[in-house]
Amino acid sequence: MVSSKLALNISFPFCYKRCTYCTKTVCKYDPKVVKAYSKALISEIENMGEEFEDYTVESIYLSGSPCLMEPSDLNRVLEKVREAFKLDDNVFIAVKTRPGEYSRAILDKLRDNGVNHYIVSLMTANESLHQFLGRPYDIDKISMADTAIRNFNMRDLSFELMYNMPGQSEKDFDNDLNRILSYKPEHVSLYSFNGKIKNCERLTDLGYIQYTENDYCLEGHENRYIMHLKDGKEYLGLGYRSRSYVDGVSYVTGRSLDFYLSDPTSADNMTDIKRVI
Amino acid sequence: MSKNISRRNFLKGVTASAVGLAGMGLLSGCASKSEENVQGIYTPGTYTATAKGMGVVTMKATFDANSITAIELDVSNETESIGGAAKDELINQLLKAQSADIDGVAGATVTGDAVKQCLENCIAQAKGLEVTSVNIEESDWKVEPVDVAESGVDKTYDVDVAVVGLGYAGLNCVRYLAEQGVNVLGFDSQKEDSFQAMGNEGAAPNSKVLSERGVPAVDKIEYYNNWMINSGYQANPGLVMKWVQNAGEGMDEWLSVLNDEQKAVMTTAFYPPVDKQMDHIGAFKFWPCTASFYSMEVNQSLISKLNREKAVADGATIIYGAEAYKLIKNDNNEITGVYASIGDEKFIRINAKAVVLAAGGFGANQQMQKDLLTDLGGCLTPDEKFDILMDSDGKAVQMGYWAGVKLDSLGIPTMNGKHFHPGEPHGLWLNYQGKRYCNEFYGPIEFRGRTALQQSRDHYFAFYDSNLAENMRYCVPSHGSTQGTDANVESVKEQCAQALSAGKDGVEGRDLSAVYTRYGAETLDELIDMVCDDDKIKAQIKKSIERYNELCARGVDEDFGRESKLMFPVKDGPFYCDVKVPTIGWMMCTCGGLVINEEQQCLDEYFRPIKGLFASGNCASGRFGTEYFTPTPGVSLGTVITLGRECGKSVEKYLNGEL
């Protein structure tokens, strides 16, 4: 039997506050709730691993704010993924991080569990724009992130920046770009604040390949999770408010956080179910 | 739908509304559009959002609990020519759709998109951050706090041993290690100038300080075996033997910091023994070998201070005002240090080859009491709660738990709490129904009142006759007991006389945890009328007294096995009765939590030692088993003073690779 290819999106929808541009479901960060969430997630992973045993996982995306988890809990979640699913030898594992969320312990756990693509969600290093976006960390954490990145020697680094913000000048954006380019990242994602897409010639001039509207990378450093989705292949969401597309059906997990925490594996937990044509 | 159906099987049956792949909102960057249509309840209010159109668009949207009620738009910055009509049309469309999912207005696409984005943001703001109302079973205290960022570390210490807490256990450990030339650092949350040591007296069998006062030596094996009988063999045998074998040395060292004049202040509880003082009740034995310091000047706080000074003189580092935060582990789960908070979000980091947790019980943490004192907690009525005198915050138990130390599930001892005494053991105790229910003079004082835990909390009675004061001469050296000295006997006589003259008002008395009323009357009938107005209970009281007197006359307690010589009848007037409502849940401290072995190494969930982690004192289990008991007054202090020092010896062995 040829096993099908699957991508996993493991969602950690917790945050201290909502950024002004964010329209997603965000749950208030509370260590107690996050702890309970990690337990629920583990039982969902266990359960879904059994149901998808005929698949091989090619890529994994730890989305939201996984680094707000306790290192030991994040470790347990990742270990459970390895145990419950069949992973490709060359599996791509991306993690979303924000400045100020790195501790040595977290980075150790990520590395130990084979994470090989670090996304630093910076958006901007400009103080007033940072404030305008209402980012959930102090801007001085950016310099702490510098230290963490350098000390830890994080590789396959991806930065997220935002453009087309009200009040953002060309120069502001150039400064942000200069800052991230100093790390020589393998990957850059640029998001338009108002949805109007502008291609970044500076990046392409530097040898970055633009492979989606938003994403640029050095050759061979595509985000393989994004590529997987772009190719229309199946993906499985794990965790509250994660979207799945499997067996020709698309759905979102979790009616409410309450429901998810009390019964994470239930079929009742699937919402927004659509058959894909 | 049923939760029993697997999600995949459920998916196979889906024929619901169809959508193209592109419509699923596939790629999700942080900035992507909403991919969900969650039915949300809004937080009513007005929210503002800004988005970039041609210029800048600003929106104020007002929400009630379920809908968007009004939208104001400022598009004056837009260079696109959108008139008032287009603006109104956009607002109309948004209000009608109750979402940003609208067609927009021809000729104003860019502005329309910005307006939509503004509304999406306002909706998100109105939804706020989702919270859960699910009762999270995990208690707060079980959640390990976040790591300390390097920038938060004010100072780093590199030592051999870090000791968390400078109470009796921690300080004796620090002192011993410093004496051996080990690089040791101890810290405590107390400030130096107001540092207090709780408690007054410490059991010290076979100490020189006591033998100099004539207190006889104690047979160690007999003492040990009696201890284990008291514990129901649930105490840690090796640990208990360590205490018994080294108790003399432990106390002598602790008191070695005092000069002769200060030592002279020491008293020796229950020694010399009084005329009818007993050394056993039934199978349980008692020894008067306690060093007491009840002086205002020479007290345990002073002794602690002098010992800290000695430790520092011997090379120890001591830090005050530092609160334990969390342990530091390496990849192999070995403990390599500890963080402590020094206020203002600043921390110190202590790198150590071994850490000793000695920061006391959890008297100040109600959730921990509920979670850990399950045996006693299960006995509390809805009106009762834990009430603990010593307010240690339970940090040592928490830190151990976070580091993977097994928690004691067999029943954590508490000093008091699990028993209730209606009165003196010399009397006859009757419950709220007027029935006798236990051996009032059972050996260990802490066990006598246990039966009351699972009985109604209405008034209890303790009946005595005119011989109460003289009977008080029968006593054992035990915590909370009164020695039958002439002075004490006189004082009881006086209380009785007061009660008698107070008539039916009675006289209020007070013991450690409760207030009671003592009544006195010439005849039993009179007395019973004073303390009870229920005829049925009165009749039962009379019957119980009759039965008890009959057993006393025969010298055999067929009902509850009380010692013959301690069967004091209630037959010679005047008579007295204490009336008291049980106070279950009151205690002085908790005496356990972290499971340790006889070397005081913390054990993991497989009951194997965790490398580099020790626990001593009230945060650790093993001294008493499941209930505190006192074959000698002051065993709590006595054991921790000695075992703190012994812990230092174990740590020393560990550093030398011998453990």
# chains A, B, ... in the order shown; residues from 1 in each chain; ligands from 1
call {"tool": "residues_around", "arguments": {"residues": "Thr630 (chain B)", "least_positions_apart": "3", "cutoff": "6 Å", "atoms": "only C-alpha atoms", "output": "list in words"}}
result
Ser478, His479 and Pro633 of chain B
call {"tool": "write_last_selection", "arguments": {"atoms": "C-alpha atoms", "output": "PDB file, in the first residue's frame"}}
result
ATOM      1  CA  SER B 478       3.862  14.401  75.215  1.00  0.00           C
ATOM      2  CA  HIS B 479       3.137  17.463  73.145  1.00  0.00           C
ATOM      3  CA  PRO B 633       7.534  16.800  73.466  1.00  0.00           C
TER       4      PRO B 633
END
call {"tool": "select_by_dssp", "arguments": {"residues": "region 178-244 of chain A", "states": "strand (DSSP E or B)", "output": "PyMOL selection string"}}
result
chain A and resi 187-192+209-210+215-217+235-238+243-244
call {"tool": "atom_distance", "arguments": {"atom1": "CA of Tyr460 (chain B)", "atom2": "CA of His421 (chain B)"}}
result
8.9 Å
call {"tool": "select_by_dssp", "arguments": {"residues": "region 8-78 of chain A", "states": "alpha helix (DSSP H)", "output": "MDAnalysis selection string"}}
result
chainID A and resid 31:51 71:78
call {"tool": "closest_residue", "arguments": {"among": "B:Ser151, B:Gln433, B:Thr590, B:Ser301", "to": "Glu627 (chain B)", "atoms": "only C-alpha atoms"}}
result
B:Thr590
call {"tool": "decode", "arguments": {"residues": "region 312-324 of chain B", "atoms": "N, CA, C and O atoms", "output": "PDB file, in the first residue's frame"}}
result
ATOM      1  N   VAL B 312      28.402  31.250  58.614  1.00  0.00           N
ATOM      2  CA  VAL B 312      29.093  32.253  57.797  1.00  0.00           C
ATOM      3  C   VAL B 312      30.578  32.302  58.172  1.00  0.00           C
ATOM      4  O   VAL B 312      31.462  32.357  57.307  1.00  0.00           O
ATOM      5  N   ALA B 313      30.845  32.220  59.492  1.00  0.00           N
ATOM      6  CA  ALA B 313      32.246  32.218  59.938  1.00  0.00           C
ATOM      7  C   ALA B 313      33.002  31.029  59.357  1.00  0.00           C
ATOM      8  O   ALA B 313      34.192  31.098  59.069  1.00  0.00           O
ATOM      9  N   ASP B 314      32.277  29.927  59.159  1.00  0.00           N
ATOM     10  CA  ASP B 314      32.906  28.726  58.598  1.00  0.00           C
ATOM     11  C   ASP B 314      32.956  28.740  57.075  1.00  0.00           C
ATOM     12  O   ASP B 314      33.354  27.759  56.453  1.00  0.00           O
ATOM     13  N   GLY B 315      32.465  29.830  56.480  1.00  0.00           N
ATOM     14  CA  GLY B 315      32.624  29.963  55.032  1.00  0.00           C
ATOM     15  C   GLY B 315      31.352  29.875  54.218  1.00  0.00           C
ATOM     16  O   GLY B 315      31.402  29.970  52.987  1.00  0.00           O
ATOM     17  N   ALA B 316      30.191  29.700  54.852  1.00  0.00           N
ATOM     18  CA  ALA B 316      28.941  29.620  54.084  1.00  0.00           C
ATOM     19  C   ALA B 316      28.540  31.008  53.589  1.00  0.00           C
ATOM     20  O   ALA B 316      28.877  32.020  54.203  1.00  0.00           O
ATOM     21  N   THR B 317      27.835  31.030  52.472  1.00  0.00           N
ATOM     22  CA  THR B 317      27.232  32.276  51.998  1.00  0.00           C
ATOM     23  C   THR B 317      25.758  32.230  52.364  1.00  0.00           C
ATOM     24  O   THR B 317      25.093  31.226  52.134  1.00  0.00           O
ATOM     25  N   ILE B 318      25.252  33.314  52.948  1.00  0.00           N
ATOM     26  CA  ILE B 318      23.832  33.353  53.295  1.00  0.00           C
ATOM     27  C   ILE B 318      23.203  34.578  52.657  1.00  0.00           C
ATOM     28  O   ILE B 318      23.757  35.680  52.706  1.00  0.00           O
ATOM     29  N   ILE B 319      22.070  34.345  52.003  1.00  0.00           N
ATOM     30  CA  ILE B 319      21.358  35.444  51.352  1.00  0.00           C
ATOM     31  C   ILE B 319      19.962  35.536  51.950  1.00  0.00           C
ATOM     32  O   ILE B 319      19.247  34.537  52.026  1.00  0.00           O
ATOM     33  N   TYR B 320      19.607  36.738  52.387  1.00  0.00           N
ATOM     34  CA  TYR B 320      18.279  36.963  52.963  1.00  0.00           C
ATOM     35  C   TYR B 320      17.384  37.620  51.925  1.00  0.00           C
ATOM     36  O   TYR B 320      17.853  38.219  50.950  1.00  0.00           O
ATOM     37  N   GLY B 321      16.094  37.522  52.142  1.00  0.00           N
ATOM     38  CA  GLY B 321      15.134  38.207  51.265  1.00  0.00           C
ATOM     39  C   GLY B 321      15.114  37.658  49.853  1.00  0.00           C
ATOM     40  O   GLY B 321      14.755  38.358  48.911  1.00  0.00           O
ATOM     41  N   ALA B 322      15.497  36.406  49.694  1.00  0.00           N
ATOM     42  CA  ALA B 322      15.470  35.787  48.364  1.00  0.00           C
ATOM     43  C   ALA B 322      14.436  34.670  48.366  1.00  0.00           C
ATOM     44  O   ALA B 322      14.500  33.759  49.190  1.00  0.00           O
ATOM     45  N   GLU B 323      13.467  34.772  47.472  1.00  0.00           N
ATOM     46  CA  GLU B 323      12.413  33.768  47.420  1.00  0.00           C
ATOM     47  C   GLU B 323      12.689  32.747  46.348  1.00  0.00           C
ATOM     48  O   GLU B 323      12.928  33.103  45.181  1.00  0.00           O
ATOM     49  N   ALA B 324      12.629  31.498  46.743  1.00  0.00           N
ATOM     50  CA  ALA B 324      12.883  30.421  45.787  1.00  0.00           C
ATOM     51  C   ALA B 324      11.928  30.558  44.603  1.00  0.00           C
ATOM     52  O   ALA B 324      10.749  30.852  44.782  1.00  0.00           O
TER      53      ALA B 324
END
